[in-house]
>>> print(open('data.tsv').read())   # TSV, C-alpha atoms
chain	number	residue	atom	x	y	z
A	4	MET	CA	15.33	0.08	-45.94
A	5	SER	CA	15.04	-0.21	-42.15
A	6	GLU	CA	16.28	2.47	-39.82
A	7	GLU	CA	19.04	0.14	-38.56
A	8	THR	CA	20.46	-0.42	-42.04
A	9	ALA	CA	19.89	3.08	-43.48
A	10	THR	CA	23.00	4.95	-44.58
A	11	PRO	CA	23.81	7.64	-42.00
A	12	LYS	CA	23.62	11.25	-43.12
A	13	THR	CA	26.79	13.10	-44.06
A	14	ARG	CA	27.55	15.58	-41.26
A	15	ILE	CA	28.76	18.99	-42.44
A	16	LEU	CA	30.00	21.75	-40.15
A	17	LEU	CA	29.92	25.16	-41.83
A	18	VAL	CA	31.92	28.05	-40.37
A	19	GLU	CA	30.21	30.99	-42.07
A	20	SER	CA	31.02	34.70	-42.04
A	21	ASP	CA	28.80	37.74	-42.23
A	22	LYS	CA	28.28	36.82	-45.88
A	23	HIS	CA	25.98	34.00	-44.65
A	24	GLU	CA	27.39	31.24	-46.83
A	25	ALA	CA	24.72	28.91	-45.41
A	26	ASP	CA	22.10	30.69	-47.53
A	27	LEU	CA	24.05	29.64	-50.62
A	28	ILE	CA	25.21	26.18	-49.54
A	29	LYS	CA	22.16	24.69	-47.82
A	30	PRO	CA	19.77	24.74	-50.85
A	31	LEU	CA	22.44	23.02	-52.95
A	32	LEU	CA	22.89	20.07	-50.59
A	33	PRO	CA	20.69	16.95	-50.81
A	34	ALA	CA	18.66	17.41	-47.62
A	35	ALA	CA	17.87	13.71	-47.32
A	36	ASP	CA	21.56	12.80	-47.26
A	37	CYS	CA	23.16	15.71	-45.40
A	38	GLU	CA	22.98	17.28	-41.96
A	39	LEU	CA	24.26	20.87	-41.92
A	40	THR	CA	25.41	22.55	-38.69
A	41	THR	CA	26.36	26.23	-38.85
A	42	VAL	CA	28.56	28.33	-36.54
A	43	ASN	CA	29.94	31.82	-37.07
A	44	ASP	CA	33.41	31.80	-35.50
A	45	LEU	CA	36.42	29.48	-35.30
A	46	ILE	CA	36.32	28.96	-31.51
A	47	ALA	CA	32.72	27.78	-31.68
A	48	ALA	CA	33.66	25.65	-34.70
A	49	LEU	CA	36.39	23.85	-32.74
A	50	GLN	CA	34.00	23.04	-29.91
A	51	LYS	CA	31.24	21.90	-32.27
A	52	ALA	CA	33.64	19.80	-34.34
A	53	ASN	CA	34.74	17.85	-31.25
A	54	GLU	CA	31.08	17.42	-30.32
A	55	ILE	CA	29.53	16.21	-33.60
A	56	LYS	CA	32.64	14.83	-35.36
A	57	PRO	CA	31.58	15.92	-38.84
A	58	ASP	CA	32.51	14.34	-42.15
A	59	PHE	CA	33.24	17.78	-43.64
A	60	VAL	CA	34.29	21.13	-42.22
A	61	PHE	CA	33.45	23.99	-44.61
A	62	VAL	CA	35.19	27.27	-43.72
A	63	SER	CA	34.43	30.67	-45.20
A	64	GLY	CA	37.31	32.31	-47.04
A	65	GLU	CA	36.84	35.32	-44.76
A	66	TYR	CA	38.81	33.41	-42.07
A	67	VAL	CA	41.93	32.82	-44.20
A	68	SER	CA	43.84	35.53	-42.33
A	69	LYS	CA	43.39	33.68	-39.00
A	70	ALA	CA	45.99	31.08	-39.84
A	71	ASP	CA	46.67	29.76	-36.32
A	72	SER	CA	43.00	29.17	-35.50
A	73	LEU	CA	42.42	27.61	-38.93
A	74	ASP	CA	45.34	25.23	-38.42
A	75	GLU	CA	43.99	24.18	-35.03
A	76	LEU	CA	40.54	23.49	-36.51
A	77	LYS	CA	42.10	21.57	-39.41
A	78	ARG	CA	44.14	19.38	-37.06
A	79	ALA	CA	41.07	18.65	-34.96
A	80	SER	CA	39.06	17.84	-38.10
A	81	HIS	CA	41.65	15.45	-39.45
A	82	MET	CA	41.82	13.59	-36.13
A	83	PHE	CA	38.40	12.07	-36.78
A	84	GLY	CA	38.69	11.90	-40.57
A	85	ALA	CA	36.83	15.04	-41.63
A	86	SER	CA	37.67	16.75	-44.93
A	87	PHE	CA	38.69	20.40	-44.49
A	88	VAL	CA	37.18	22.50	-47.32
A	89	LEU	CA	37.58	26.23	-47.97
A	90	LEU	CA	34.68	28.21	-49.42
A	91	SER	CA	36.53	30.84	-51.44
A	92	GLY	CA	34.85	33.94	-52.82
A	93	GLY	CA	37.60	34.20	-55.40
A	94	SER	CA	38.54	37.77	-54.43
A	95	ALA	CA	41.97	36.79	-53.06
A	96	ALA	CA	44.71	34.30	-53.85
A	97	VAL	CA	44.36	31.04	-51.90
A	98	ASP	CA	47.00	28.39	-51.17
A	99	ALA	CA	44.93	25.35	-52.13
A	100	GLN	CA	47.51	22.98	-50.62
A	101	GLN	CA	46.48	24.14	-47.16
A	102	TYR	CA	43.05	22.53	-47.61
A	103	ASP	CA	41.63	19.18	-48.65
A	104	ASP	CA	39.58	21.00	-51.26
A	105	VAL	CA	38.50	24.48	-52.32
A	106	VAL	CA	35.01	25.41	-53.55
A	107	ARG	CA	34.58	28.73	-55.39
A	108	THR	CA	31.37	30.41	-54.20
A	109	ASP	CA	31.49	33.13	-56.86
A	110	GLN	CA	30.62	30.61	-59.59
A	111	ASP	CA	27.28	29.68	-61.07
A	112	LYS	CA	25.03	27.78	-58.62
A	113	THR	CA	24.89	24.82	-60.98
A	114	GLU	CA	28.68	24.57	-60.92
A	115	ILE	CA	28.78	24.93	-57.13
A	116	SER	CA	26.12	22.23	-56.78
A	117	HIS	CA	28.15	19.95	-59.06
A	118	ARG	CA	31.33	20.53	-57.01
A	119	LEU	CA	29.52	19.82	-53.75
A	120	GLY	CA	27.99	16.66	-55.21
A	121	ASN	CA	31.42	15.43	-56.27
A	122	LEU	CA	32.82	16.10	-52.80
A	123	LEU	CA	30.01	14.14	-51.13
A	124	GLU	CA	30.31	11.25	-53.57
A	125	LEU	CA	34.08	10.99	-53.11
A	126	LYS	CA	33.67	11.07	-49.34
A	127	ARG	CA	31.06	8.31	-49.42
A	128	ALA	CA	33.31	6.23	-51.65
A	129	LYS	CA	36.23	6.72	-49.25
A	130	LEU	CA	34.11	5.78	-46.22
A	131	GLU	CA	32.88	2.67	-48.02
A	132	LEU	CA	36.43	1.75	-48.98
A	133	ASP	CA	37.58	2.22	-45.36
A	134	TRP	CA	34.72	0.02	-44.19
A	135	MET	CA	35.60	-2.66	-46.73
A	136	LYS	CA	39.26	-2.54	-45.70
A	137	GLN	CA	38.30	-2.97	-42.05
A	138	ARG	CA	36.02	-5.85	-42.94
A	139	LEU	CA	38.83	-7.39	-44.96
A	140	ARG	CA	41.19	-7.08	-41.96
A	141	ASN	CA	38.57	-8.68	-39.69
A	142	GLU	CA	37.96	-11.50	-42.16
A	143	ARG	CA	41.68	-12.06	-42.59
A	144	ARG	CA	42.13	-12.34	-38.81
A	145	LEU	CA	39.32	-14.89	-38.67
A	146	LEU	CA	40.45	-16.91	-41.69
A	147	THR	CA	44.09	-17.09	-40.62
A	148	LYS	CA	42.94	-19.08	-37.58
A	149	TYR	CA	41.95	-21.88	-39.93
A	150	PHE	CA	43.77	-21.51	-43.26
A	151	SER	CA	47.30	-20.87	-44.42
A	152	GLU	CA	48.17	-17.41	-45.77
A	153	ASP	CA	48.10	-18.43	-49.44
A	154	ILE	CA	44.64	-19.95	-49.06
A	155	VAL	CA	43.41	-16.89	-47.15
A	156	GLU	CA	44.70	-14.64	-49.92
A	157	GLY	CA	42.84	-16.69	-52.52
A	158	ILE	CA	39.59	-16.58	-50.53
A	159	LEU	CA	39.80	-12.83	-49.98
A	160	GLN	CA	40.56	-12.30	-53.68
A	161	ASP	CA	37.32	-14.25	-54.30
A	162	GLU	CA	39.17	-16.88	-56.33
A	163	HIS	CA	37.85	-19.68	-54.12
A	164	ALA	CA	34.79	-18.08	-52.51
A	165	ASN	CA	32.50	-20.86	-53.74
A	166	SER	CA	34.72	-23.42	-51.99
A	167	LEU	CA	33.39	-22.16	-48.67
A	168	SER	CA	29.75	-22.63	-49.67
A	169	GLY	CA	30.06	-26.39	-49.79
A	170	ARG	CA	31.10	-29.09	-52.24
A	171	HIS	CA	32.27	-32.70	-52.48
A	172	GLN	CA	35.96	-33.04	-53.16
A	173	GLU	CA	38.97	-35.19	-52.43
A	174	ALA	CA	41.07	-34.18	-49.45
A	175	THR	CA	43.56	-35.58	-46.99
A	176	ILE	CA	42.63	-35.40	-43.31
A	177	MET	CA	45.07	-35.51	-40.39
A	178	PHE	CA	44.21	-35.94	-36.72
A	179	PHE	CA	46.86	-35.06	-34.14
A	180	ASP	CA	46.61	-35.84	-30.44
A	181	VAL	CA	48.84	-35.32	-27.39
A	182	ARG	CA	49.20	-38.59	-25.49
A	183	ARG	CA	48.51	-38.80	-21.72
A	184	SER	CA	47.46	-35.16	-21.61
A	185	THR	CA	45.25	-35.88	-18.57
A	186	THR	CA	48.28	-37.05	-16.60
A	187	ILE	CA	50.25	-33.99	-17.67
A	188	ALA	CA	47.36	-31.75	-16.62
A	189	GLU	CA	47.12	-33.41	-13.21
A	190	ASN	CA	50.71	-32.42	-12.43
A	191	LEU	CA	50.29	-28.78	-13.46
A	192	GLU	CA	48.24	-25.77	-12.48
A	193	PRO	CA	45.36	-25.29	-14.96
A	194	LEU	CA	46.77	-21.98	-16.19
A	195	VAL	CA	50.25	-23.47	-16.73
A	196	PHE	CA	48.78	-26.43	-18.63
A	197	ALA	CA	46.66	-24.12	-20.79
A	198	GLU	CA	49.70	-21.95	-21.59
A	199	PHE	CA	51.75	-25.05	-22.44
A	200	LEU	CA	49.09	-26.38	-24.83
A	201	SER	CA	48.67	-22.96	-26.42
A	202	GLU	CA	52.39	-22.56	-27.12
A	203	PHE	CA	52.78	-26.17	-28.24
A	204	PHE	CA	49.77	-26.02	-30.57
A	205	THR	CA	50.99	-22.74	-32.06
A	206	ASP	CA	54.11	-24.54	-33.30
A	207	ILE	CA	52.05	-27.47	-34.63
A	208	MET	CA	49.60	-25.16	-36.42
A	209	ASP	CA	52.49	-23.23	-37.99
A	210	LEU	CA	53.73	-26.53	-39.46
A	211	VAL	CA	50.24	-27.26	-40.82
A	212	TYR	CA	50.00	-23.82	-42.41
A	213	GLY	CA	53.56	-24.07	-43.71
A	214	ASN	CA	52.52	-27.17	-45.65
A	215	HIS	CA	49.45	-25.48	-47.14
A	216	GLY	CA	47.06	-27.16	-44.73
A	217	SER	CA	44.11	-25.81	-42.77
A	218	VAL	CA	43.18	-26.19	-39.11
A	219	ASN	CA	39.55	-27.26	-39.07
A	220	LYS	CA	39.07	-27.94	-35.38
A	221	LEU	CA	40.89	-27.72	-32.06
A	222	LEU	CA	39.90	-30.76	-30.03
A	223	GLY	CA	41.06	-30.00	-26.50
A	224	ASP	CA	44.38	-31.83	-26.63
A	225	GLY	CA	44.24	-32.49	-30.36
A	226	ILE	CA	43.89	-30.88	-33.78
A	227	MET	CA	41.97	-31.86	-36.90
A	228	SER	CA	43.66	-30.45	-40.00
A	229	THR	CA	42.87	-30.76	-43.67
A	230	PHE	CA	44.93	-30.67	-46.85
A	231	GLY	CA	42.95	-29.76	-49.95
A	232	CYS	CA	40.10	-27.89	-48.24
A	233	PRO	CA	38.86	-25.47	-49.33
A	234	VAL	CA	41.46	-25.26	-52.12
A	235	PRO	CA	42.67	-28.57	-53.60
A	236	THR	CA	46.14	-28.91	-55.10
A	237	GLU	CA	48.13	-31.72	-56.70
A	238	ASN	CA	50.32	-32.07	-53.59
A	239	ASP	CA	47.74	-32.35	-50.78
A	240	VAL	CA	48.62	-35.94	-49.83
A	241	LEU	CA	52.34	-35.24	-49.93
A	242	ASN	CA	51.88	-32.04	-47.92
A	243	ALA	CA	50.03	-33.96	-45.21
A	244	ALA	CA	52.81	-36.58	-45.00
A	245	LYS	CA	55.51	-33.90	-44.90
A	246	CYS	CA	53.63	-32.09	-42.16
A	247	ALA	CA	53.31	-35.22	-40.00
A	248	LEU	CA	57.01	-36.01	-40.33
A	249	GLN	CA	57.94	-32.39	-39.54
A	250	ILE	CA	55.77	-32.60	-36.41
A	251	ARG	CA	57.69	-35.76	-35.44
A	252	ASN	CA	61.02	-33.92	-35.84
A	253	HIS	CA	59.73	-30.86	-34.00
A	254	LEU	CA	58.60	-33.05	-31.12
A	255	ALA	CA	62.05	-34.62	-30.81
A	256	THR	CA	63.60	-31.16	-30.57
A	257	PHE	CA	60.93	-29.98	-28.14
A	258	ASN	CA	61.51	-32.91	-25.81
A	259	ASP	CA	65.25	-32.17	-25.73
A	260	VAL	CA	64.61	-28.63	-24.47
A	261	ARG	CA	61.20	-29.04	-22.82
A	262	PRO	CA	60.48	-26.96	-19.71
A	263	ASP	CA	61.27	-28.48	-16.32
A	264	TYR	CA	57.61	-28.75	-15.36
A	265	ILE	CA	57.03	-31.27	-18.20
A	266	ILE	CA	58.53	-34.26	-16.40
A	267	GLU	CA	58.21	-36.94	-19.10
A	268	PRO	CA	58.78	-36.54	-22.85
A	269	ILE	CA	55.67	-35.56	-24.80
A	270	LYS	CA	54.28	-38.24	-27.09
A	271	VAL	CA	51.73	-37.77	-29.86
A	272	GLY	CA	49.66	-39.80	-32.29
A	273	MET	CA	48.71	-38.86	-35.84
A	274	GLY	CA	46.25	-40.47	-38.24
A	275	ILE	CA	46.04	-39.61	-41.94
A	276	ALA	CA	43.34	-40.68	-44.43
A	277	THR	CA	42.51	-39.60	-47.98
A	278	GLY	CA	39.24	-39.68	-49.92
A	279	LYS	CA	36.04	-37.88	-50.85
A	280	VAL	CA	34.62	-35.46	-48.27
A	281	PHE	CA	31.99	-32.76	-48.06
A	282	ALA	CA	33.63	-29.43	-47.23
A	283	GLY	CA	31.60	-26.30	-46.57
A	284	ASN	CA	29.53	-24.20	-44.22
A	285	ILE	CA	26.89	-25.97	-42.16
A	286	GLY	CA	24.69	-24.74	-39.34
A	287	SER	CA	21.86	-22.27	-38.92
A	288	VAL	CA	21.30	-18.53	-39.08
A	289	ARG	CA	22.50	-18.37	-35.48
A	290	ARG	CA	25.76	-20.22	-35.96
A	291	MET	CA	27.67	-21.22	-39.07
A	292	GLU	CA	30.84	-23.31	-39.15
A	293	TYR	CA	33.15	-24.38	-41.94
A	294	THR	CA	33.53	-28.11	-41.51
A	295	VAL	CA	34.60	-31.27	-43.31
A	296	LEU	CA	32.49	-34.44	-43.23
A	297	GLY	CA	32.94	-37.90	-44.65
A	298	ASP	CA	34.48	-41.33	-44.27
A	299	PRO	CA	38.12	-40.10	-44.44
A	300	VAL	CA	37.46	-37.85	-41.44
A	301	ASN	CA	36.19	-40.74	-39.34
A	302	LEU	CA	38.97	-43.02	-40.56
A	303	ALA	CA	41.74	-40.51	-39.80
A	304	SER	CA	40.35	-40.15	-36.27
A	305	ARG	CA	40.32	-43.95	-35.82
A	306	LEU	CA	43.88	-44.23	-37.12
A	307	GLU	CA	45.08	-41.62	-34.66
A	308	SER	CA	43.56	-43.69	-31.81
A	309	MET	CA	45.10	-46.90	-33.18
A	310	THR	CA	48.62	-45.48	-32.97
A	311	LYS	CA	48.53	-46.35	-29.24
A	312	GLU	CA	48.10	-50.09	-29.78
A	313	ALA	CA	50.35	-50.10	-32.84
A	314	LYS	CA	53.02	-48.32	-30.75
A	315	VAL	CA	53.84	-45.86	-33.56
A	316	ASP	CA	53.22	-42.15	-33.92
A	317	ILE	CA	51.91	-41.93	-37.53
A	318	LEU	CA	49.41	-44.24	-39.24
A	319	ILE	CA	48.13	-43.72	-42.78
A	320	ASP	CA	45.40	-45.51	-44.72
A	321	GLY	CA	45.84	-47.42	-47.99
A	322	ASN	CA	44.53	-44.55	-50.14
A	323	THR	CA	47.16	-42.21	-48.73
A	324	ARG	CA	49.92	-44.82	-49.05
A	325	HIS	CA	49.11	-45.62	-52.70
A	326	ARG	CA	48.92	-41.95	-53.72
A	327	LEU	CA	52.37	-41.37	-52.23
A	328	GLY	CA	53.80	-44.36	-54.10
A	329	ASN	CA	57.58	-44.52	-53.93
A	330	LEU	CA	57.88	-41.13	-52.26
A	331	ILE	CA	57.75	-42.70	-48.80
A	332	LYS	CA	59.11	-45.51	-46.74
A	333	CYS	CA	56.41	-47.27	-44.72
A	334	ARG	CA	55.48	-50.57	-43.08
A	335	LYS	CA	52.16	-52.39	-43.28
A	336	VAL	CA	50.51	-52.75	-39.89
A	337	GLU	CA	48.49	-55.84	-39.01
A	338	HIS	CA	45.33	-55.09	-37.05
A	339	GLN	CA	42.05	-56.58	-35.86
A	340	GLY	CA	39.94	-54.24	-37.94
A	341	VAL	CA	38.94	-50.59	-37.73
A	342	ARG	CA	36.00	-49.84	-35.45
A	343	GLY	CA	32.94	-48.93	-37.47
A	344	LYS	CA	34.35	-50.33	-40.75
A	345	LEU	CA	33.01	-53.55	-42.28
A	346	GLN	CA	35.49	-53.84	-45.13
A	347	GLU	CA	39.17	-54.47	-44.56
A	348	ILE	CA	41.29	-51.31	-44.39
A	349	GLU	CA	44.98	-51.28	-45.24
A	350	ILE	CA	47.01	-49.43	-42.61
A	351	TYR	CA	50.64	-48.38	-42.77
A	352	SER	CA	53.13	-46.83	-40.37
A	353	LEU	CA	54.79	-43.81	-42.01
A	354	ASP	CA	58.56	-43.93	-41.52
A	355	GLU	CA	60.11	-41.29	-43.79
A	356	LEU	CA	60.00	-39.45	-47.07
A	357	LEU	CA	62.27	-40.57	-49.87
A	358	LEU	CA	62.34	-37.26	-51.74
A	359	ARG	CA	65.65	-36.29	-53.32
>>> encode(input="data.tsv", output="structure tokens")
Amino acid sequence: MSEETATPKTRILLVESDKHEADLIKPLLPAADCELTTVNDLIAALQKANEIKPDFVFVSGEYVSKADSLDELKRASHMFGASFVLLSGGSAAVDAQQYDDVVRTDQDKTEISHRLGNLLELKRAKLELDWMKQRLRNERRLLTKYFSEDIVEGILQDEHANSLSGRHQEATIMFFDVRRSTTIAENLEPLVFAEFLSEFFTDIMDLVYGNHGSVNKLLGDGIMSTFGCPVPTENDVLNAAKCALQIRNHLATFNDVRPDYIIEPIKVGMGIATGKVFAGNIGSVRRMEYTVLGDPVNLASRLESMTKEAKVDILIDGNTRHRLGNLIKCRKVEHQGVRGKLQEIEIYSLDELLLR
């Protein structure tokens, strides 16, 4: 194991008395795993604890009568997560609740060694658990930028871990774009425009997550979202349609109460396509990215662009329309063909859901 990845030694601060507890303790500690620092009074112990920030503070039972100084050292130890352990000679009654643990030094050396080993093992387990919890928090923060909470929970519980490694699956893709964003930007200070987009996109992303979708990419003034990646469900197509219609309703409300600096009502375009995609991590050792590739991705992007000429805000492809069946009201849109597609593609304008 390299020096960078080696497990750091467990730091132990021992406050010994004139009984020289170090002579007993040191030979019983695994030298390769522990670093023992010894002092012989509580004032020096407080200074050294703040300096080395140990994992354990062992205190001789001879200092039990100095309650105030012991309490101060215990508080300082707990501030940086050290365990406060009393080395008791067993000659006097000890209130064990005042300490994180008590080790009897009047026992057989084998028993003392066993007790110390248990303490070290429990500490290592706790530190590893704390590290894993922090990693989990960091991963959750990262994943919630892209996936809804239920999907994040499944990934972190390892139920869908393989979904992130890459596989072919059916999914519904939705592209969303703010119309005439360049004109809006020209009339605003860059910072104001950035703040507007950030707040506006937060609402849109909340609607995506609320419908069990994932945000795959932010595209300047647009968003690519997926329904069914990395976790497919039976309702992915319906969830995408519901999300698009909720965005339409949200936009109507937003335009009614939009800030004064947004002079004209905001308009958007959305394209939705369904089919087989590759979903997974691609890249190199320097940069990895969870992405979705395939014909439905390209088609959804084309449909979003075609909303301008069709003069509608939501276009869906034939696959999406047929999977929704009688759950929606829609109109077939005549067109001159989809750029990049040789075969004829059915396109529909999504009007409303007909759910009871």
>>> residues_around(input="data.tsv", residues="Leu49 in chain A", least_positions_apart="4", cutoff="8 Å", atoms="all atoms listed in the file", output="NGL selection string")
:A and (45 or 53 or 75-76 or 79)
>>> atom_distance(input="data.tsv", atom1="CA of His338 in chain A", atom2="CA of Ser352 in chain A")
11.8 Å
>>> residues_around(input="data.tsv", residues="range 203-207 of chain A", least_positions_apart="4", cutoff="8 Å", atoms="only C-alpha atoms", output="number ranges by chain")
A: 199, 211, 250
>>> atom_distance(input="data.tsv", atom1="CA of Lys51 in chain A", atom2="CA of Gly120 in chain A")
23.8 Å
>>> closest_residue(input="data.tsv", among="A:Cys333, A:Val218, A:Val181, A:Leu123", to="Lys311 in chain A", atoms="all atoms listed in the file")
A:Val181
>>> closest_residue(input="data.tsv", among="A:Asp209, A:Asp103, A:Glu307, A:Asp71", to="Phe178 in chain A", atoms="only C-alpha atoms")
A:Glu307
>>> closest_residue(input="data.tsv", among="A:Leu90, A:Leu302, A:Ile28, A:Leu39", to="Glu349 in chain A", atoms="all atoms listed in the file")
A:Leu302
>>> axis_aligned_box(input="data.tsv", around="range 307-325 of chain A", padding_each_side="5 Å", output="AutoDock Vina command-line options")
--center_x 48.7 --center_y -45.9 --center_z -41.0 --size_x 20.3 --size_y 18.5 --size_z 33.5
>>> residues_around(input="data.tsv", residues="Ala48 in chain A", least_positions_apart="6", cutoff="12 Å", atoms="all atoms listed in the file", output="list in words")
Ile15, Leu16, Leu17, Val18, Glu19, Ser20, Thr40, Thr41, Val42, Glu54, Ile55, Lys56, Pro57, Phe59, Val60, Phe61, Val62, Ser63, Tyr66, Ser72, Leu73, Glu75, Leu76, Lys77, Ala79 and Ser80 of chain A
>>> closest_residue(input="data.tsv", among="A:Ser91, A:Asn190, A:Ser217, A:Gln339", to="Asp239 in chain A", atoms="only C-alpha atoms")
A:Ser217
>>> decode(input="data.tsv", residues="range 264-280 of chain A", atoms="C-alpha atoms", output="mmCIF file, in the first residue's frame")
data_model
loop_
_atom_site.group_PDB
_atom_site.id
_atom_site.type_symbol
_atom_site.label_atom_id
_atom_site.label_comp_id
_atom_site.auth_asym_id
_atom_site.auth_seq_id
_atom_site.Cartn_x
_atom_site.Cartn_y
_atom_site.Cartn_z
ATOM 1 C CA TYR A 264 -37.488 43.509 -15.960
ATOM 2 C CA ILE A 265 -38.897 40.634 -18.080
ATOM 3 C CA ILE A 266 -40.750 42.824 -20.565
ATOM 4 C CA GLU A 267 -42.395 40.176 -22.761
ATOM 5 C CA PRO A 268 -43.965 36.883 -21.643
ATOM 6 C CA ILE A 269 -41.551 33.949 -21.562
ATOM 7 C CA LYS A 270 -42.136 31.290 -24.203
ATOM 8 C CA VAL A 271 -40.674 27.796 -24.274
ATOM 9 C CA GLY A 272 -40.469 24.771 -26.526
ATOM 10 C CA MET A 273 -40.455 21.120 -25.484
ATOM 11 C CA GLY A 274 -39.746 17.979 -27.497
ATOM 12 C CA ILE A 275 -40.445 14.459 -26.240
ATOM 13 C CA ALA A 276 -39.354 11.163 -27.826
ATOM 14 C CA THR A 277 -39.389 7.557 -26.608
ATOM 15 C CA GLY A 278 -37.236 4.571 -27.570
ATOM 16 C CA LYS A 279 -34.098 2.563 -26.914
ATOM 17 C CA VAL A 280 -31.089 4.479 -25.568
#
